[in-house]
$ cat coords-v3.pdb   # PDB, N, CA and C atoms
ATOM      1  N   MET M   1      55.119  92.972 126.027
ATOM      2  CA  MET M   1      56.320  92.171 125.916
ATOM      3  C   MET M   1      56.724  91.725 127.322
ATOM      4  N   LYS M   2      57.079  90.451 127.455
ATOM      5  CA  LYS M   2      57.559  89.925 128.718
ATOM      6  C   LYS M   2      59.049  90.163 128.847
ATOM      7  N   THR M   3      59.461  90.634 129.996
ATOM      8  CA  THR M   3      60.876  90.726 130.311
ATOM      9  C   THR M   3      61.052  90.212 131.721
ATOM     10  N   GLY M   4      62.241  89.828 132.078
ATOM     11  CA  GLY M   4      62.445  89.320 133.421
ATOM     12  C   GLY M   4      63.901  89.097 133.736
ATOM     13  N   ARG M   5      64.092  88.591 134.959
ATOM     14  CA  ARG M   5      65.442  88.244 135.389
ATOM     15  C   ARG M   5      65.354  87.170 136.454
ATOM     16  N   LEU M   6      66.481  86.567 136.752
ATOM     17  CA  LEU M   6      66.567  85.465 137.694
ATOM     18  C   LEU M   6      67.439  85.875 138.875
ATOM     19  N   LEU M   7      66.932  85.626 140.087
ATOM     20  CA  LEU M   7      67.714  85.830 141.307
ATOM     21  C   LEU M   7      67.913  84.464 141.949
ATOM     22  N   LYS M   8      69.111  84.207 142.471
ATOM     23  CA  LYS M   8      69.408  82.930 143.116
ATOM     24  C   LYS M   8      69.834  83.173 144.555
ATOM     25  N   PHE M   9      69.251  82.387 145.468
ATOM     26  CA  PHE M   9      69.568  82.481 146.886
ATOM     27  C   PHE M   9      70.014  81.105 147.366
ATOM     28  N   HIS M  10      71.202  81.022 147.929
ATOM     29  CA  HIS M  10      71.728  79.765 148.461
ATOM     30  C   HIS M  10      71.356  79.686 149.932
ATOM     31  N   ARG M  11      70.584  78.668 150.288
ATOM     32  CA  ARG M  11      70.126  78.485 151.661
ATOM     33  C   ARG M  11      70.439  77.068 152.111
ATOM     34  N   PRO M  12      70.473  76.815 153.436
ATOM     35  CA  PRO M  12      70.791  75.478 153.936
ATOM     36  C   PRO M  12      69.848  74.390 153.416
ATOM     37  N   GLY M  13      68.561  74.694 153.219
ATOM     38  CA  GLY M  13      67.609  73.695 152.739
ATOM     39  C   GLY M  13      67.630  73.485 151.238
ATOM     40  N   GLY M  14      68.411  74.255 150.517
ATOM     41  CA  GLY M  14      68.486  74.176 149.067
ATOM     42  C   GLY M  14      68.548  75.570 148.475
ATOM     43  N   ASP M  15      68.658  75.641 147.187
ATOM     44  CA  ASP M  15      68.708  76.933 146.508
ATOM     45  C   ASP M  15      67.292  77.385 146.174
ATOM     46  N   VAL M  16      67.048  78.672 146.344
ATOM     47  CA  VAL M  16      65.767  79.258 145.974
ATOM     48  C   VAL M  16      66.018  80.148 144.758
ATOM     49  N   HIS M  17      65.306  79.858 143.682
ATOM     50  CA  HIS M  17      65.409  80.663 142.465
ATOM     51  C   HIS M  17      64.139  81.486 142.328
ATOM     52  N   VAL M  18      64.326  82.767 142.039
ATOM     53  CA  VAL M  18      63.204  83.689 141.884
ATOM     54  C   VAL M  18      63.228  84.214 140.455
ATOM     55  N   TYR M  19      62.159  83.957 139.728
ATOM     56  CA  TYR M  19      62.019  84.468 138.373
ATOM     57  C   TYR M  19      61.118  85.695 138.441
ATOM     58  N   LEU M  20      61.675  86.847 138.113
ATOM     59  CA  LEU M  20      60.927  88.106 138.121
ATOM     60  C   LEU M  20      60.452  88.404 136.708
ATOM     61  N   TYR M  21      59.167  88.680 136.568
ATOM     62  CA  TYR M  21      58.575  88.957 135.266
ATOM     63  C   TYR M  21      57.943  90.340 135.264
ATOM     64  N   LEU M  22      58.135  91.052 134.188
ATOM     65  CA  LEU M  22      57.436  92.312 133.954
ATOM     66  C   LEU M  22      56.612  92.122 132.691
ATOM     67  N   GLU M  23      55.311  92.314 132.816
ATOM     68  CA  GLU M  23      54.415  92.172 131.678
ATOM     69  C   GLU M  23      53.620  93.466 131.563
ATOM     70  N   GLY M  24      54.133  94.404 130.800
ATOM     71  CA  GLY M  24      53.509  95.714 130.718
ATOM     72  C   GLY M  24      53.661  96.434 132.045
ATOM     73  N   GLU M  25      52.541  96.770 132.672
ATOM     74  CA  GLU M  25      52.567  97.458 133.968
ATOM     75  C   GLU M  25      52.560  96.483 135.142
ATOM     76  N   ALA M  26      52.327  95.210 134.880
ATOM     77  CA  ALA M  26      52.238  94.211 135.949
ATOM     78  C   ALA M  26      53.612  93.618 136.249
ATOM     79  N   ALA M  27      53.808  93.253 137.512
ATOM     80  CA  ALA M  27      55.053  92.616 137.930
ATOM     81  C   ALA M  27      54.706  91.413 138.797
ATOM     82  N   ARG M  28      55.477  90.327 138.628
ATOM     83  CA  ARG M  28      55.268  89.163 139.472
ATOM     84  C   ARG M  28      56.569  88.405 139.622
ATOM     85  N   ALA M  29      56.621  87.571 140.651
ATOM     86  CA  ALA M  29      57.774  86.719 140.895
ATOM     87  C   ALA M  29      57.262  85.316 141.196
ATOM     88  N   VAL M  30      57.941  84.335 140.654
ATOM     89  CA  VAL M  30      57.634  82.942 140.925
ATOM     90  C   VAL M  30      58.870  82.344 141.575
ATOM     91  N   LEU M  31      58.690  81.707 142.752
ATOM     92  CA  LEU M  31      59.798  81.178 143.529
ATOM     93  C   LEU M  31      59.805  79.660 143.481
ATOM     94  N   TYR M  32      60.989  79.096 143.275
ATOM     95  CA  TYR M  32      61.171  77.657 143.216
ATOM     96  C   TYR M  32      62.252  77.252 144.203
ATOM     97  N   LEU M  33      62.043  76.126 144.893
ATOM     98  CA  LEU M  33      63.069  75.547 145.748
ATOM     99  C   LEU M  33      63.734  74.428 144.975
ATOM    100  N   LEU M  34      65.044  74.503 144.833
ATOM    101  CA  LEU M  34      65.813  73.462 144.163
ATOM    102  C   LEU M  34      66.555  72.683 145.243
ATOM    103  N   ALA M  35      66.001  71.527 145.590
ATOM    104  CA  ALA M  35      66.582  70.690 146.635
ATOM    105  C   ALA M  35      66.278  69.235 146.314
ATOM    106  N   PRO M  36      67.164  68.322 146.711
ATOM    107  CA  PRO M  36      66.905  66.902 146.464
ATOM    108  C   PRO M  36      65.578  66.471 147.097
ATOM    109  N   GLY M  37      64.804  65.717 146.345
ATOM    110  CA  GLY M  37      63.541  65.208 146.836
ATOM    111  C   GLY M  37      62.389  66.200 146.810
ATOM    112  N   HIS M  38      62.628  67.392 146.321
ATOM    113  CA  HIS M  38      61.568  68.406 146.254
ATOM    114  C   HIS M  38      61.072  68.498 144.823
ATOM    115  N   GLU M  39      59.744  68.520 144.661
ATOM    116  CA  GLU M  39      59.201  68.614 143.310
ATOM    117  C   GLU M  39      59.502  69.981 142.712
ATOM    118  N   HIS M  40      59.392  70.080 141.430
ATOM    119  CA  HIS M  40      59.778  71.303 140.723
ATOM    120  C   HIS M  40      58.621  72.274 140.514
ATOM    121  N   ALA M  41      57.648  72.233 141.403
ATOM    122  CA  ALA M  41      56.526  73.173 141.336
ATOM    123  C   ALA M  41      56.902  74.448 142.100
ATOM    124  N   PRO M  42      56.313  75.570 141.751
ATOM    125  CA  PRO M  42      56.593  76.802 142.501
ATOM    126  C   PRO M  42      56.207  76.640 143.977
ATOM    127  N   VAL M  43      57.002  77.247 144.861
ATOM    128  CA  VAL M  43      56.690  77.219 146.285
ATOM    129  C   VAL M  43      55.944  78.481 146.713
ATOM    130  N   HIS M  44      56.009  79.518 145.890
ATOM    131  CA  HIS M  44      55.340  80.782 146.227
ATOM    132  C   HIS M  44      55.284  81.665 144.987
ATOM    133  N   GLU M  45      54.320  82.573 144.970
ATOM    134  CA  GLU M  45      54.221  83.556 143.887
ATOM    135  C   GLU M  45      53.841  84.898 144.491
ATOM    136  N   VAL M  46      54.424  85.964 143.970
ATOM    137  CA  VAL M  46      54.172  87.320 144.447
ATOM    138  C   VAL M  46      53.740  88.173 143.266
ATOM    139  N   ARG M  47      52.714  88.988 143.489
ATOM    140  CA  ARG M  47      52.268  89.963 142.475
ATOM    141  C   ARG M  47      52.186  91.325 143.146
ATOM    142  N   ALA M  48      52.605  92.348 142.435
ATOM    143  CA  ALA M  48      52.539  93.713 142.969
ATOM    144  C   ALA M  48      52.552  94.689 141.812
ATOM    145  N   GLY M  49      52.444  95.965 142.148
ATOM    146  CA  GLY M  49      52.361  97.004 141.134
ATOM    147  C   GLY M  49      53.682  97.387 140.500
ATOM    148  N   SER M  50      54.783  97.059 141.161
ATOM    149  CA  SER M  50      56.078  97.428 140.584
ATOM    150  C   SER M  50      57.095  96.312 140.796
ATOM    151  N   ALA M  51      58.128  96.327 139.972
ATOM    152  CA  ALA M  51      59.194  95.325 140.088
ATOM    153  C   ALA M  51      59.888  95.426 141.441
ATOM    154  N   GLU M  52      60.056  96.639 141.940
ATOM    155  CA  GLU M  52      60.726  96.835 143.226
ATOM    156  C   GLU M  52      59.917  96.213 144.363
ATOM    157  N   GLN M  53      58.597  96.393 144.336
ATOM    158  CA  GLN M  53      57.726  95.816 145.359
ATOM    159  C   GLN M  53      57.763  94.299 145.310
ATOM    160  N   VAL M  54      57.710  93.747 144.113
ATOM    161  CA  VAL M  54      57.722  92.300 143.950
ATOM    162  C   VAL M  54      59.040  91.726 144.482
ATOM    163  N   GLU M  55      60.148  92.335 144.115
ATOM    164  CA  GLU M  55      61.433  91.831 144.571
ATOM    165  C   GLU M  55      61.555  91.931 146.092
ATOM    166  N   GLN M  56      61.115  93.037 146.662
ATOM    167  CA  GLN M  56      61.176  93.224 148.113
ATOM    168  C   GLN M  56      60.324  92.177 148.839
ATOM    169  N   GLU M  57      59.112  91.932 148.358
ATOM    170  CA  GLU M  57      58.246  90.931 148.973
ATOM    171  C   GLU M  57      58.813  89.522 148.813
ATOM    172  N   ALA M  58      59.395  89.220 147.660
ATOM    173  CA  ALA M  58      59.990  87.901 147.442
ATOM    174  C   ALA M  58      61.171  87.687 148.392
ATOM    175  N   ARG M  59      62.030  88.679 148.534
ATOM    176  CA  ARG M  59      63.170  88.570 149.455
ATOM    177  C   ARG M  59      62.704  88.390 150.899
ATOM    178  N   ALA M  60      61.670  89.104 151.299
ATOM    179  CA  ALA M  60      61.143  88.979 152.659
ATOM    180  C   ALA M  60      60.567  87.579 152.888
ATOM    181  N   TRP M  61      59.873  87.031 151.898
ATOM    182  CA  TRP M  61      59.309  85.693 152.023
ATOM    183  C   TRP M  61      60.416  84.657 152.151
ATOM    184  N   ILE M  62      61.458  84.790 151.339
ATOM    185  CA  ILE M  62      62.587  83.849 151.419
ATOM    186  C   ILE M  62      63.248  83.928 152.792
ATOM    187  N   ASP M  63      63.500  85.127 153.292
ATOM    188  CA  ASP M  63      64.126  85.268 154.603
ATOM    189  C   ASP M  63      63.265  84.670 155.707
ATOM    190  N   ALA M  64      61.933  84.760 155.583
ATOM    191  CA  ALA M  64      61.029  84.206 156.595
ATOM    192  C   ALA M  64      60.953  82.678 156.522
ATOM    193  N   HIS M  65      60.988  82.106 155.314
ATOM    194  CA  HIS M  65      60.797  80.665 155.156
ATOM    195  C   HIS M  65      62.107  79.887 154.990
ATOM    196  N   TYR M  66      63.125  80.521 154.505
ATOM    197  CA  TYR M  66      64.437  79.888 154.287
ATOM    198  C   TYR M  66      65.519  80.843 154.777
ATOM    199  N   PRO M  67      65.643  81.002 156.112
ATOM    200  CA  PRO M  67      66.596  81.984 156.644
ATOM    201  C   PRO M  67      68.046  81.634 156.327
ATOM    202  N   ARG M  68      68.859  82.659 156.320
ATOM    203  CA  ARG M  68      70.292  82.476 156.102
ATOM    204  C   ARG M  68      70.900  81.769 157.302
ATOM    205  N   PRO M  69      71.962  81.032 157.075
ATOM    206  CA  PRO M  69      72.623  80.390 158.221
ATOM    207  C   PRO M  69      73.226  81.441 159.151
ATOM    208  N   SER M  70      73.246  81.133 160.431
ATOM    209  CA  SER M  70      73.806  82.081 161.419
ATOM    210  C   SER M  70      75.312  82.091 161.405
TER     211      SER M  70
END
$ encode --input "coords-v3.pdb" --output "structure tokens"
Amino acid sequence: MKTGRLLKFHRPGGDVHVYLYLEGEAARAVLYLLAPGHEHAPVHEVRAGSAEQVEQEARAWIDAHYPRPS
């Protein structure tokens, strides 16, 4: 059974939405940038052994590519 949740991050370049999926023992996250002029394809995907690992890696990727304003 698929289960999941949505995380939203507001950044200067646009909003980043992270869809976290749990499919049995597998966990993954698909990241989308919602910004004017940006296509609606995923900008990144993370796979790991646990939901906690996936979320941690997704947050680290967002901070590296779309940092918070100072």
$ resolve_selection --input "coords-v3.pdb" --expression "the PyMOL selection byres ((chain M and resi 15) around 8)" --output "ChimeraX atom specification"
/M:8-14,16-18,32-36
$ closest_residue --input "coords-v3.pdb" --among "M:Ala48, M:Pro69, M:Ala64, M:Gln53" --to "Glu25 (chain M)" --atoms "only N, CA and C atoms"
M:Ala48
$ atom_distance --input "coords-v3.pdb" --atom1 "atom N of Gly49 (chain M)" --atom2 "CA of Ala26 (chain M)"
6.4 Å
$ atom_distance --input "coords-v3.pdb" --atom1 "atom N of Arg5 (chain M)" --atom2 "atom C of Ala41 (chain M)"
17.4 Å
$ resolve_selection --input "coords-v3.pdb" --expression "the PyMOL selection byres (((chain M and resi 42 and name CA) around 9) and name CA)" --output "compact mmCIF listing (two decimals) with N, CA and C atoms, keeping the file's coordinate frame"
# COMPACT_ATOMS: atom_id res chain seq x y z
N VAL M 30 57.94 84.34 140.65
CA VAL M 30 57.63 82.94 140.93
C VAL M 30 58.87 82.34 141.57
N LEU M 31 58.69 81.71 142.75
CA LEU M 31 59.80 81.18 143.53
C LEU M 31 59.80 79.66 143.48
N TYR M 32 60.99 79.10 143.28
CA TYR M 32 61.17 77.66 143.22
C TYR M 32 62.25 77.25 144.20
N LEU M 33 62.04 76.13 144.89
CA LEU M 33 63.07 75.55 145.75
C LEU M 33 63.73 74.43 144.98
N GLU M 39 59.74 68.52 144.66
CA GLU M 39 59.20 68.61 143.31
C GLU M 39 59.50 69.98 142.71
N HIS M 40 59.39 70.08 141.43
CA HIS M 40 59.78 71.30 140.72
C HIS M 40 58.62 72.27 140.51
N ALA M 41 57.65 72.23 141.40
CA ALA M 41 56.53 73.17 141.34
C ALA M 41 56.90 74.45 142.10
N VAL M 43 57.00 77.25 144.86
CA VAL M 43 56.69 77.22 146.28
C VAL M 43 55.94 78.48 146.71
N HIS M 44 56.01 79.52 145.89
CA HIS M 44 55.34 80.78 146.23
C HIS M 44 55.28 81.67 144.99
N GLU M 45 54.32 82.57 144.97
CA GLU M 45 54.22 83.56 143.89
C GLU M 45 53.84 84.90 144.49
$ select_by_dssp --input "coords-v3.pdb" --residues "chain M" --states "strand (DSSP E)" --output "count of residues only"
34
$ atom_distance --input "coords-v3.pdb" --atom1 "CA of Arg28 (chain M)" --atom2 "CA of Arg59 (chain M)"
12.7 Å
$ closest_residue --input "coords-v3.pdb" --among "M:Leu20, M:Ile62, M:Ala29, M:Leu6" --to "Val46 (chain M)" --atoms "only C-alpha atoms"
M:Ala29
$ axis_aligned_box --input "coords-v3.pdb" --around "region 53-59 of chain M" --padding-each-side "5 Å" --output "lines of an AutoDock Vina configuration file"
center_x = 60.4
center_y = 92.0
center_z = 147.4
size_x = 15.5
size_y = 18.7
size_z = 16.9
$ closest_residue --input "coords-v3.pdb" --among "M:Gly37, M:Trp61, M:Ala51, M:Tyr66" --to "Tyr21 (chain M)" --atoms "only C-alpha atoms"
M:Ala51
$ select_by_dssp --input "coords-v3.pdb" --residues "chain M" --states "helix (DSSP H, G or I)" --output "list of chain:residue names"
M:Ala51, M:Glu52, M:Gln53, M:Val54, M:Glu55, M:Gln56, M:Glu57, M:Ala58, M:Arg59, M:Ala60, M:Trp61, M:Ile62, M:Asp63, M:Ala64, M:His65
$ decode --input "coords-v3.pdb" --residues "region 33-53 of chain M" --atoms "C-alpha atoms" --output "compact mmCIF listing (two decimals), in the first residue's frame"
# COMPACT_ATOMS: atom_id res chain seq x y z
CA LEU M 33 9.87 23.56 -7.92
CA LEU M 34 6.75 25.68 -8.27
CA ALA M 35 7.86 28.93 -9.87
CA PRO M 36 6.71 31.04 -12.83
CA GLY M 37 8.27 29.84 -16.06
CA HIS M 38 9.44 26.53 -14.59
CA GLU M 39 8.13 23.29 -16.03
CA HIS M 40 6.26 20.93 -13.76
CA ALA M 41 8.76 18.08 -13.97
CA PRO M 42 10.52 16.84 -10.83
CA VAL M 43 13.77 18.66 -10.05
CA HIS M 44 15.16 15.85 -7.87
CA GLU M 45 14.33 12.43 -6.45
CA VAL M 46 15.67 10.73 -3.32
CA ARG M 47 15.50 7.03 -2.40
CA ALA M 48 16.62 5.52 0.89
CA GLY M 49 15.88 2.72 3.31
CA SER M 50 13.72 4.73 5.68
CA ALA M 51 11.33 7.67 5.64
CA GLU M 52 13.59 9.55 8.05
CA GLN M 53 16.62 9.17 5.76
